[in-house]
Amino acid sequence: MAVRLLGEPWVIARLDDKIVALADRCPHRLAPLSAGRVDGPELVCGYHGWRFVASGECTAVPALGPGAPAPKRARAKPAWGATERHGMVWLAPEEPFADIIDLPEADDPAFDSIWLDVVRTSACAGLLADNFLDTAHLPFVHAATIGAGEDTVVPPYRATPEGNGFRVRIEQEVANPEDPGVAAGLRPLVQRRRSTYVYRPPFQLRLALEYLDAGTHNTILFCLQPEDAGSTRIYTRLLRDDLGGDAGRLRDAARFELDILNEDLALQEMLPLDGLPLAPEAGAGPEEVSIRADAAGLALRRVLSVLVRRARRNTPSDPPGGVRYARRTPADSRPLTRP
Ligand code: FES
Ligand SMILES: [Fe+2]
């Protein structure tokens, strides 16, 4: 399968049951290896049949005859790593900055789980992560879906550093019309909700919503694949313990969540920014005015600034096709950095 990540093409293959990622470029005539085929432990280029194993080593060059050694430079470039977790394939071109995010609900039999359709958007991953961590937009962007029962006031909260990312916990009183206990007169409509956001760089996010009065849990896993500067793919997985295995209600929940996501995308795709503003010292870009309620977004900017600085140290000059994690800004441009 061909995928793009940070402007670079990769081929993902399952070679002898092991997930492998190689640069999607045959070293011979640069044909995409994703146009070839898998044969047991080998990926076979579709152009002249050169064969590659998981390490990228070339094991056969048919035009030279059986058993002839491949030229020394005939190596496909392997990624630092690739693996499967939480129902996704994860590709790390270089050594990762953080571990893959935990998803404890996935191992809990009380939770049902469903994926939303994968969405592709022109909004960039940094802004989408910022939007996911933002609570103050709910009553406005989501007025037609979840926002009506939300308080416009965001109580003070802190972002606690954790695993090279952070965690945020916010407790609020919100309407919980989905609780059957409300209709039955057992509980009031307005109930306590604890929202826990977990962020791991670059673009792994999880939101756990605990309705403390109803005793139900609703988790959203939100992972972003920046394909390139103008395209991001969004992977969203819902995990809920209040649907009792009802496939119909689970599908309805996924559809509703997609409506909510589309409300976000409609706004994010209009933002006049070419990336998330990062300014490590000030905590925010000079174009932005931040308030207390933006603490999570500011923490995101700080973490990504560290990541960008580290990536620059590891990449003294731009490789062909651009810096892997950060695009250099022209000397005269605004101090914006695109993670
Ligand atoms: S281009 Fe791949 S074998 Fe020739
Ligand atoms: Fe939103």
# chains A, B, ... in the order shown; residues from 1 in each chain; ligands from 1
>>> residues_around(residues="segment 57-71 of chain A", least_positions_apart="6", cutoff="10 Å", atoms="only C-alpha atoms", output="mmCIF file with all heavy atoms, in the first residue's frame")
data_model
loop_
_atom_site.group_PDB
_atom_site.id
_atom_site.type_symbol
_atom_site.label_atom_id
_atom_site.label_comp_id
_atom_site.auth_asym_id
_atom_site.auth_seq_id
_atom_site.Cartn_x
_atom_site.Cartn_y
_atom_site.Cartn_z
ATOM 1 N N CYS A 26 12.029 2.451 -5.895
ATOM 2 C CA CYS A 26 12.994 1.395 -6.196
ATOM 3 C C CYS A 26 14.338 2.048 -6.514
ATOM 4 O O CYS A 26 14.399 3.031 -7.264
ATOM 5 C CB CYS A 26 12.502 0.586 -7.387
ATOM 6 S SG CYS A 26 13.655 -0.686 -7.891
ATOM 7 N N PRO A 27 15.446 1.536 -5.962
ATOM 8 C CA PRO A 27 16.748 2.167 -6.229
ATOM 9 C C PRO A 27 17.199 2.017 -7.686
ATOM 10 O O PRO A 27 18.108 2.717 -8.113
ATOM 11 C CB PRO A 27 17.701 1.431 -5.280
ATOM 12 C CG PRO A 27 17.023 0.155 -4.926
ATOM 13 C CD PRO A 27 15.550 0.415 -5.016
ATOM 14 N N HIS A 28 16.552 1.153 -8.448
ATOM 15 C CA HIS A 28 16.970 0.945 -9.843
ATOM 16 C C HIS A 28 16.527 2.107 -10.740
ATOM 17 O O HIS A 28 17.309 2.984 -11.069
ATOM 18 C CB HIS A 28 16.415 -0.408 -10.352
ATOM 19 C CG HIS A 28 16.759 -0.700 -11.775
ATOM 20 N ND1 HIS A 28 15.883 -1.346 -12.617
ATOM 21 C CD2 HIS A 28 17.871 -0.443 -12.520
ATOM 22 C CE1 HIS A 28 16.449 -1.477 -13.817
ATOM 23 N NE2 HIS A 28 17.668 -0.918 -13.768
ATOM 24 N N GLU A 42 9.476 -11.138 0.575
ATOM 25 C CA GLU A 42 10.082 -10.165 -0.339
ATOM 26 C C GLU A 42 9.019 -9.273 -1.003
ATOM 27 O O GLU A 42 7.891 -9.700 -1.274
ATOM 28 C CB GLU A 42 10.867 -10.895 -1.436
ATOM 29 C CG GLU A 42 12.086 -11.615 -0.887
ATOM 30 C CD GLU A 42 12.746 -12.507 -1.932
ATOM 31 O OE1 GLU A 42 12.017 -13.159 -2.718
ATOM 32 O OE2 GLU A 42 13.983 -12.542 -1.959
ATOM 33 N N LEU A 43 9.460 -8.055 -1.271
ATOM 34 C CA LEU A 43 8.660 -7.124 -2.059
ATOM 35 C C LEU A 43 9.313 -7.083 -3.446
ATOM 36 O O LEU A 43 10.525 -6.846 -3.557
ATOM 37 C CB LEU A 43 8.693 -5.752 -1.377
ATOM 38 C CG LEU A 43 7.837 -4.641 -1.947
ATOM 39 C CD1 LEU A 43 6.367 -5.048 -2.024
ATOM 40 C CD2 LEU A 43 7.966 -3.396 -1.071
ATOM 41 N N VAL A 44 8.520 -7.325 -4.480
ATOM 42 C CA VAL A 44 9.068 -7.452 -5.834
ATOM 43 C C VAL A 44 8.688 -6.217 -6.634
ATOM 44 O O VAL A 44 7.500 -5.894 -6.773
ATOM 45 C CB VAL A 44 8.497 -8.711 -6.534
ATOM 46 C CG1 VAL A 44 9.164 -8.911 -7.898
ATOM 47 C CG2 VAL A 44 8.662 -9.938 -5.653
ATOM 48 N N HIS A 48 11.224 -4.165 -13.073
ATOM 49 C CA HIS A 48 12.189 -5.159 -13.572
ATOM 50 C C HIS A 48 12.373 -6.332 -12.614
ATOM 51 O O HIS A 48 13.327 -7.091 -12.733
ATOM 52 C CB HIS A 48 13.555 -4.511 -13.830
ATOM 53 C CG HIS A 48 13.482 -3.270 -14.651
ATOM 54 N ND1 HIS A 48 13.435 -1.999 -14.080
ATOM 55 C CD2 HIS A 48 13.417 -3.082 -15.999
ATOM 56 C CE1 HIS A 48 13.357 -1.093 -15.031
ATOM 57 N NE2 HIS A 48 13.328 -1.706 -16.210
ATOM 58 N N GLY A 49 11.496 -6.393 -11.619
ATOM 59 C CA GLY A 49 11.481 -7.594 -10.780
ATOM 60 C C GLY A 49 12.555 -7.695 -9.707
ATOM 61 O O GLY A 49 12.745 -8.767 -9.134
ATOM 62 N N TRP A 50 13.273 -6.611 -9.413
ATOM 63 C CA TRP A 50 14.233 -6.680 -8.310
ATOM 64 C C TRP A 50 13.464 -7.004 -7.032
ATOM 65 O O TRP A 50 12.328 -6.530 -6.843
ATOM 66 C CB TRP A 50 14.990 -5.357 -8.127
ATOM 67 C CG TRP A 50 15.929 -5.018 -9.250
ATOM 68 C CD1 TRP A 50 15.897 -5.500 -10.528
ATOM 69 C CD2 TRP A 50 17.028 -4.097 -9.189
ATOM 70 N NE1 TRP A 50 16.901 -4.947 -11.284
ATOM 71 C CE2 TRP A 50 17.615 -4.071 -10.469
ATOM 72 C CE3 TRP A 50 17.573 -3.280 -8.194
ATOM 73 C CZ2 TRP A 50 18.717 -3.280 -10.779
ATOM 74 C CZ3 TRP A 50 18.669 -2.490 -8.498
ATOM 75 C CH2 TRP A 50 19.241 -2.487 -9.774
ATOM 76 N N ARG A 51 14.114 -7.746 -6.144
ATOM 77 C CA ARG A 51 13.441 -8.192 -4.920
ATOM 78 C C ARG A 51 14.085 -7.572 -3.689
ATOM 79 O O ARG A 51 15.319 -7.479 -3.598
ATOM 80 C CB ARG A 51 13.522 -9.718 -4.800
ATOM 81 C CG ARG A 51 12.640 -10.405 -5.817
ATOM 82 C CD ARG A 51 12.824 -11.919 -5.834
ATOM 83 N NE ARG A 51 11.766 -12.489 -6.665
ATOM 84 C CZ ARG A 51 10.650 -13.021 -6.182
ATOM 85 N NH1 ARG A 51 10.466 -13.130 -4.879
ATOM 86 N NH2 ARG A 51 9.723 -13.482 -7.000
ATOM 87 N N LYS A 77 15.241 2.177 1.018
ATOM 88 C CA LYS A 77 15.456 2.806 2.333
ATOM 89 C C LYS A 77 14.360 2.374 3.313
ATOM 90 O O LYS A 77 13.178 2.662 3.089
ATOM 91 C CB LYS A 77 15.430 4.323 2.154
ATOM 92 C CG LYS A 77 15.706 5.086 3.442
ATOM 93 C CD LYS A 77 15.652 6.590 3.172
ATOM 94 C CE LYS A 77 14.718 7.264 4.166
ATOM 95 N NZ LYS A 77 14.298 8.594 3.764
ATOM 96 N N PRO A 78 14.740 1.711 4.423
ATOM 97 C CA PRO A 78 13.706 1.332 5.380
ATOM 98 C C PRO A 78 13.371 2.488 6.310
ATOM 99 O O PRO A 78 14.211 3.346 6.587
ATOM 100 C CB PRO A 78 14.359 0.199 6.168
ATOM 101 C CG PRO A 78 15.827 0.491 6.096
ATOM 102 C CD PRO A 78 16.088 1.278 4.827
#
>>> residues_around(residues="Ala106 of chain A", least_positions_apart="2", cutoff="12 Å", atoms="only C-alpha atoms", output="list in words")
Arg85, His86, Gly87, Ile101, Asp102, Leu103, Pro104, Asp108, Pro109, Ala110, Phe111, Asp112, Ser113, Ile114, Asn218, Thr219, Ile220, Leu221, Arg237, Leu238, Leu239, Arg240 and Asp241 of chain A
>>> atom_distance(atom1="atom CA of Ala2 of chain A", atom2="atom 2 (Fe, counted along the ligand's line) of ligand 1")
15.2 Å
>>> residues_near_ligand(ligand="ligand 2", cutoff="8 Å", atoms="only C-alpha atoms and all ligand atoms", output="PyMOL selection string")
chain A and resi 131-132+134-135+137-138+141-142+260-261+263-264
>>> residues_around(residues="segment 4-12 of chain A", least_positions_apart="5", cutoff="6 Å", atoms="only C-alpha atoms", output="ChimeraX atom specification")
/A:20-24,34,226-228
>>> select_by_dssp(residues="segment 115-179 of chain A", states="alpha helix (DSSP H)", output="PyMOL selection string")
chain A and resi 125-132+138-141
>>> write_last_selection(atoms="N, CA and C atoms", output="CSV table (one decimal), in the first residue's frame")
chain,number,residue,atom,x,y,z
A,125,ALA,N,-2.3,19.3,10.2
A,125,ALA,CA,-2.4,18.5,11.4
A,125,ALA,C,-2.3,19.3,12.7
A,126,GLY,N,-1.4,20.3,12.7
A,126,GLY,CA,-1.2,21.1,14.0
A,126,GLY,C,-2.4,21.8,14.4
A,127,LEU,N,-3.1,22.4,13.4
A,127,LEU,CA,-4.3,23.1,13.7
A,127,LEU,C,-5.4,22.1,14.2
A,128,LEU,N,-5.5,21.0,13.6
A,128,LEU,CA,-6.5,20.0,13.9
A,128,LEU,C,-6.3,19.5,15.4
A,129,ALA,N,-5.0,19.3,15.7
A,129,ALA,CA,-4.7,18.9,17.1
A,129,ALA,C,-5.1,20.0,18.1
A,130,ASP,N,-4.8,21.2,17.7
A,130,ASP,CA,-5.2,22.4,18.5
A,130,ASP,C,-6.7,22.4,18.7
A,131,ASN,N,-7.4,22.2,17.7
A,131,ASN,CA,-8.9,22.2,17.7
A,131,ASN,C,-9.4,21.1,18.6
A,132,PHE,N,-8.8,19.9,18.5
A,132,PHE,CA,-9.2,18.8,19.3
A,132,PHE,C,-9.1,19.1,20.8
A,138,LEU,N,-16.7,24.6,21.7
A,138,LEU,CA,-17.8,23.7,21.6
A,138,LEU,C,-19.2,24.4,21.5
A,139,PRO,N,-19.5,25.4,22.4
A,139,PRO,CA,-20.8,26.0,22.3
A,139,PRO,C,-21.1,26.8,20.9
A,140,PHE,N,-20.0,27.1,20.2
A,140,PHE,CA,-20.1,27.9,19.0
A,140,PHE,C,-20.0,27.1,17.8
A,141,VAL,N,-18.9,26.4,17.5
A,141,VAL,CA,-18.8,25.6,16.3
A,141,VAL,C,-19.8,24.4,16.3
>>> atom_distance(atom1="atom CA of Ala266 of chain A", atom2="atom CA of Val119 of chain A")
12.6 Å
>>> closest_residue(among="A:Met1, A:Ala76, A:Val174, A:Ala214", to="Gly147 of chain A", atoms="only C-alpha atoms")
A:Val174
>>> closest_residue(among="A:Val38, A:Cys45, A:Gly244, A:Arg25", to="ligand 1", atoms="only C-alpha atoms and all ligand atoms")
A:Cys45
>>> select_by_dssp(residues="segment 87-327 of chain A", states="strand (DSSP E or B)", output="JSON, numbers by chain")
{"A": [88, 89, 90, 91, 92, 112, 113, 114, 115, 119, 120, 121, 159, 160, 161, 162, 165, 166, 167, 168, 169, 170, 171, 172, 173, 174, 175, 190, 191, 192, 193, 194, 195, 196, 197, 198, 199, 200, 204, 205, 206, 207, 208, 209, 210, 211, 216, 217, 218, 219, 220, 221, 222, 223, 224, 225, 226, 227, 228, 231, 232, 233, 234, 235, 236, 237, 238, 239, 240, 327]}
>>> residues_around(residues="Pro96 of chain A", least_positions_apart="5", cutoff="9 Å", atoms="only C-alpha atoms", output="PyMOL selection string")
chain A and resi 80-81+201-202
>>> closest_atom_pairs(of="segment 72-147 of chain A", to="segment 154-171 of chain A", cutoff="8 Å", atoms="only C-alpha atoms", output="tab-separated table")
residue	atom	partner	partner_atom	distance
A:Phe97	CA	A:Asn164	CA	7.4
A:Ala98	CA	A:Asn164	CA	5.9
A:Asp99	CA	A:Gly163	CA	7.4
A:Thr135	CA	A:Val154	CA	7.1
A:Ala136	CA	A:Val154	CA	6.3
>>> residues_around(residues="Asp179 of chain A", least_positions_apart="3", cutoff="10 Å", atoms="only C-alpha atoms", output="list in words")
Ala175, Asn176, Val182, Ala183, Ala184, Leu186, Arg187, Pro188, Leu189, Gln191, Tyr211, Asp213, Ala214, Gly215, Thr216 and Asp242 of chain A
>>> atom_distance(atom1="atom CA of Arg312 of chain A", atom2="atom CA of Ala74 of chain A")
28.6 Å
>>> closest_atom_pairs(of="segment 228-248 of chain A", to="segment 269-274 of chain A", cutoff="12 Å", atoms="only C-alpha atoms", output="Markdown table")
| residue | atom | partner | partner_atom | distance |
| --- | --- | --- | --- | --- |
| A:Asp228 | CA | A:Asp274 | CA | 11.6 |
| A:Ala229 | CA | A:Asp274 | CA | 7.9 |
| A:Gly230 | CA | A:Asp274 | CA | 8.5 |
| A:Ser231 | CA | A:Glu269 | CA | 10.5 |
| A:Thr232 | CA | A:Glu269 | CA | 11.1 |
>>> write_last_selection(atoms="all heavy atoms", output="JSON list (two decimals), in the first residue's frame")
[["chain", "number", "residue", "atom", "x", "y", "z"],
["A", 228, "ASP", "N", 1.07, 15.84, 3.63],
["A", 228, "ASP", "CA", 1.99, 16.90, 3.22],
["A", 228, "ASP", "C", 1.38, 18.21, 3.70],
["A", 228, "ASP", "O", 0.41, 18.22, 4.46],
["A", 228, "ASP", "CB", 2.25, 16.89, 1.71],
["A", 228, "ASP", "CG", 0.97, 16.87, 0.90],
["A", 228, "ASP", "OD1", 0.05, 17.62, 1.27],
["A", 228, "ASP", "OD2", 0.89, 16.13, -0.07],
["A", 229, "ALA", "N", 1.93, 19.34, 3.24],
["A", 229, "ALA", "CA", 1.52, 20.62, 3.79],
["A", 229, "ALA", "C", 0.02, 20.89, 3.63],
["A", 229, "ALA", "O", -0.59, 21.56, 4.44],
["A", 229, "ALA", "CB", 2.33, 21.74, 3.13],
["A", 230, "GLY", "N", -0.57, 20.35, 2.58],
["A", 230, "GLY", "CA", -1.97, 20.69, 2.31],
["A", 230, "GLY", "C", -2.94, 19.55, 2.47],
["A", 230, "GLY", "O", -4.09, 19.64, 2.02],
["A", 231, "SER", "N", -2.51, 18.47, 3.13],
["A", 231, "SER", "CA", -3.41, 17.32, 3.23],
["A", 231, "SER", "C", -3.13, 16.51, 4.50],
["A", 231, "SER", "O", -1.99, 16.17, 4.78],
["A", 231, "SER", "CB", -3.22, 16.43, 1.99],
["A", 231, "SER", "OG", -4.06, 15.30, 2.08],
["A", 232, "THR", "N", -4.20, 16.25, 5.23],
["A", 232, "THR", "CA", -4.09, 15.46, 6.46],
["A", 232, "THR", "C", -5.17, 14.39, 6.43],
["A", 232, "THR", "O", -6.31, 14.67, 6.04],
["A", 232, "THR", "CB", -4.31, 16.35, 7.69],
["A", 232, "THR", "OG1", -3.39, 17.43, 7.65],
["A", 232, "THR", "CG2", -4.11, 15.57, 8.99]]
>>> decode(residues="segment 37-71 of chain A", atoms="N, CA and C atoms", output="short mmCIF file (atom, residue, chain, number, x, y, z; two decimals), in the first residue's frame")
data_model
loop_
_atom_site.label_atom_id
_atom_site.label_comp_id
_atom_site.auth_asym_id
_atom_site.auth_seq_id
_atom_site.Cartn_x
_atom_site.Cartn_y
_atom_site.Cartn_z
N ARG A 37 4.59 -6.24 -6.06
CA ARG A 37 3.78 -7.25 -5.38
C ARG A 37 4.59 -7.87 -4.25
N VAL A 38 3.84 -8.52 -3.35
CA VAL A 38 4.48 -9.20 -2.22
C VAL A 38 4.64 -10.66 -2.57
N ASP A 39 5.81 -11.20 -2.28
CA ASP A 39 6.03 -12.63 -2.47
C ASP A 39 6.71 -13.17 -1.21
N GLY A 40 5.93 -13.64 -0.27
CA GLY A 40 6.48 -14.16 1.00
C GLY A 40 7.27 -13.09 1.74
N PRO A 41 8.56 -13.30 1.97
CA PRO A 41 9.35 -12.32 2.72
C PRO A 41 9.88 -11.19 1.84
N GLU A 42 9.48 -11.14 0.58
CA GLU A 42 10.08 -10.17 -0.34
C GLU A 42 9.02 -9.27 -1.00
N LEU A 43 9.46 -8.06 -1.27
CA LEU A 43 8.66 -7.12 -2.06
C LEU A 43 9.31 -7.08 -3.45
N VAL A 44 8.52 -7.33 -4.48
CA VAL A 44 9.07 -7.45 -5.83
C VAL A 44 8.69 -6.22 -6.63
N CYS A 45 9.68 -5.50 -7.14
CA CYS A 45 9.40 -4.30 -7.93
C CYS A 45 8.68 -4.69 -9.21
N GLY A 46 7.65 -3.91 -9.57
CA GLY A 46 6.83 -4.23 -10.73
C GLY A 46 7.49 -3.90 -12.05
N TYR A 47 8.62 -3.17 -12.02
CA TYR A 47 9.22 -2.72 -13.29
C TYR A 47 10.19 -3.79 -13.84
N HIS A 48 11.22 -4.17 -13.07
CA HIS A 48 12.19 -5.16 -13.57
C HIS A 48 12.37 -6.33 -12.61
N GLY A 49 11.50 -6.39 -11.62
CA GLY A 49 11.48 -7.59 -10.78
C GLY A 49 12.55 -7.69 -9.71
N TRP A 50 13.27 -6.61 -9.41
CA TRP A 50 14.23 -6.68 -8.31
C TRP A 50 13.46 -7.00 -7.03
N ARG A 51 14.11 -7.75 -6.14
CA ARG A 51 13.44 -8.19 -4.92
C ARG A 51 14.09 -7.57 -3.69
N PHE A 52 13.26 -7.19 -2.74
CA PHE A 52 13.74 -6.53 -1.52
C PHE A 52 13.16 -7.20 -0.29
N VAL A 53 13.99 -7.35 0.75
CA VAL A 53 13.50 -7.89 2.03
C VAL A 53 13.25 -6.72 3.00
N ALA A 54 12.78 -7.04 4.22
CA ALA A 54 12.35 -6.02 5.18
C ALA A 54 13.43 -4.98 5.47
N SER A 55 14.69 -5.38 5.49
CA SER A 55 15.78 -4.43 5.80
C SER A 55 16.03 -3.47 4.64
N GLY A 56 15.41 -3.73 3.48
CA GLY A 56 15.65 -2.92 2.30
C GLY A 56 16.71 -3.53 1.38
N GLU A 57 17.36 -4.59 1.86
CA GLU A 57 18.41 -5.22 1.06
C GLU A 57 17.81 -5.84 -0.20
N CYS A 58 18.53 -5.72 -1.33
CA CYS A 58 18.07 -6.31 -2.58
C CYS A 58 18.61 -7.73 -2.67
N THR A 59 17.72 -8.69 -2.86
CA THR A 59 18.13 -10.10 -2.82
C THR A 59 18.18 -10.75 -4.21
N ALA A 60 17.61 -10.09 -5.19
CA ALA A 60 17.66 -10.68 -6.54
C ALA A 60 17.49 -9.61 -7.61
N VAL A 61 18.30 -9.74 -8.69
CA VAL A 61 18.20 -8.85 -9.85
C VAL A 61 18.05 -9.76 -11.07
N PRO A 62 16.80 -10.01 -11.50
CA PRO A 62 16.58 -11.02 -12.54
C PRO A 62 17.42 -10.81 -13.80
N ALA A 63 17.66 -9.56 -14.21
CA ALA A 63 18.37 -9.32 -15.46
C ALA A 63 19.83 -9.76 -15.40
N LEU A 64 20.36 -9.96 -14.19
CA LEU A 64 21.75 -10.41 -14.07
C LEU A 64 21.85 -11.93 -14.02
N GLY A 65 20.72 -12.59 -13.97
CA GLY A 65 20.74 -14.07 -13.91
C GLY A 65 20.64 -14.56 -12.48
N PRO A 66 20.23 -15.81 -12.31
CA PRO A 66 20.01 -16.38 -10.98
C PRO A 66 21.29 -16.37 -10.14
N GLY A 67 21.15 -15.93 -8.88
CA GLY A 67 22.27 -15.99 -7.93
C GLY A 67 23.27 -14.85 -8.08
N ALA A 68 23.13 -14.01 -9.11
CA ALA A 68 24.10 -12.92 -9.28
C ALA A 68 23.90 -11.89 -8.17
N PRO A 69 24.99 -11.38 -7.54
CA PRO A 69 24.82 -10.41 -6.46
C PRO A 69 24.27 -9.09 -7.00
N ALA A 70 23.46 -8.43 -6.13
CA ALA A 70 22.91 -7.13 -6.51
C ALA A 70 24.00 -6.06 -6.34
N PRO A 71 23.93 -4.99 -7.11
CA PRO A 71 24.89 -3.88 -6.88
C PRO A 71 24.79 -3.39 -5.43
#
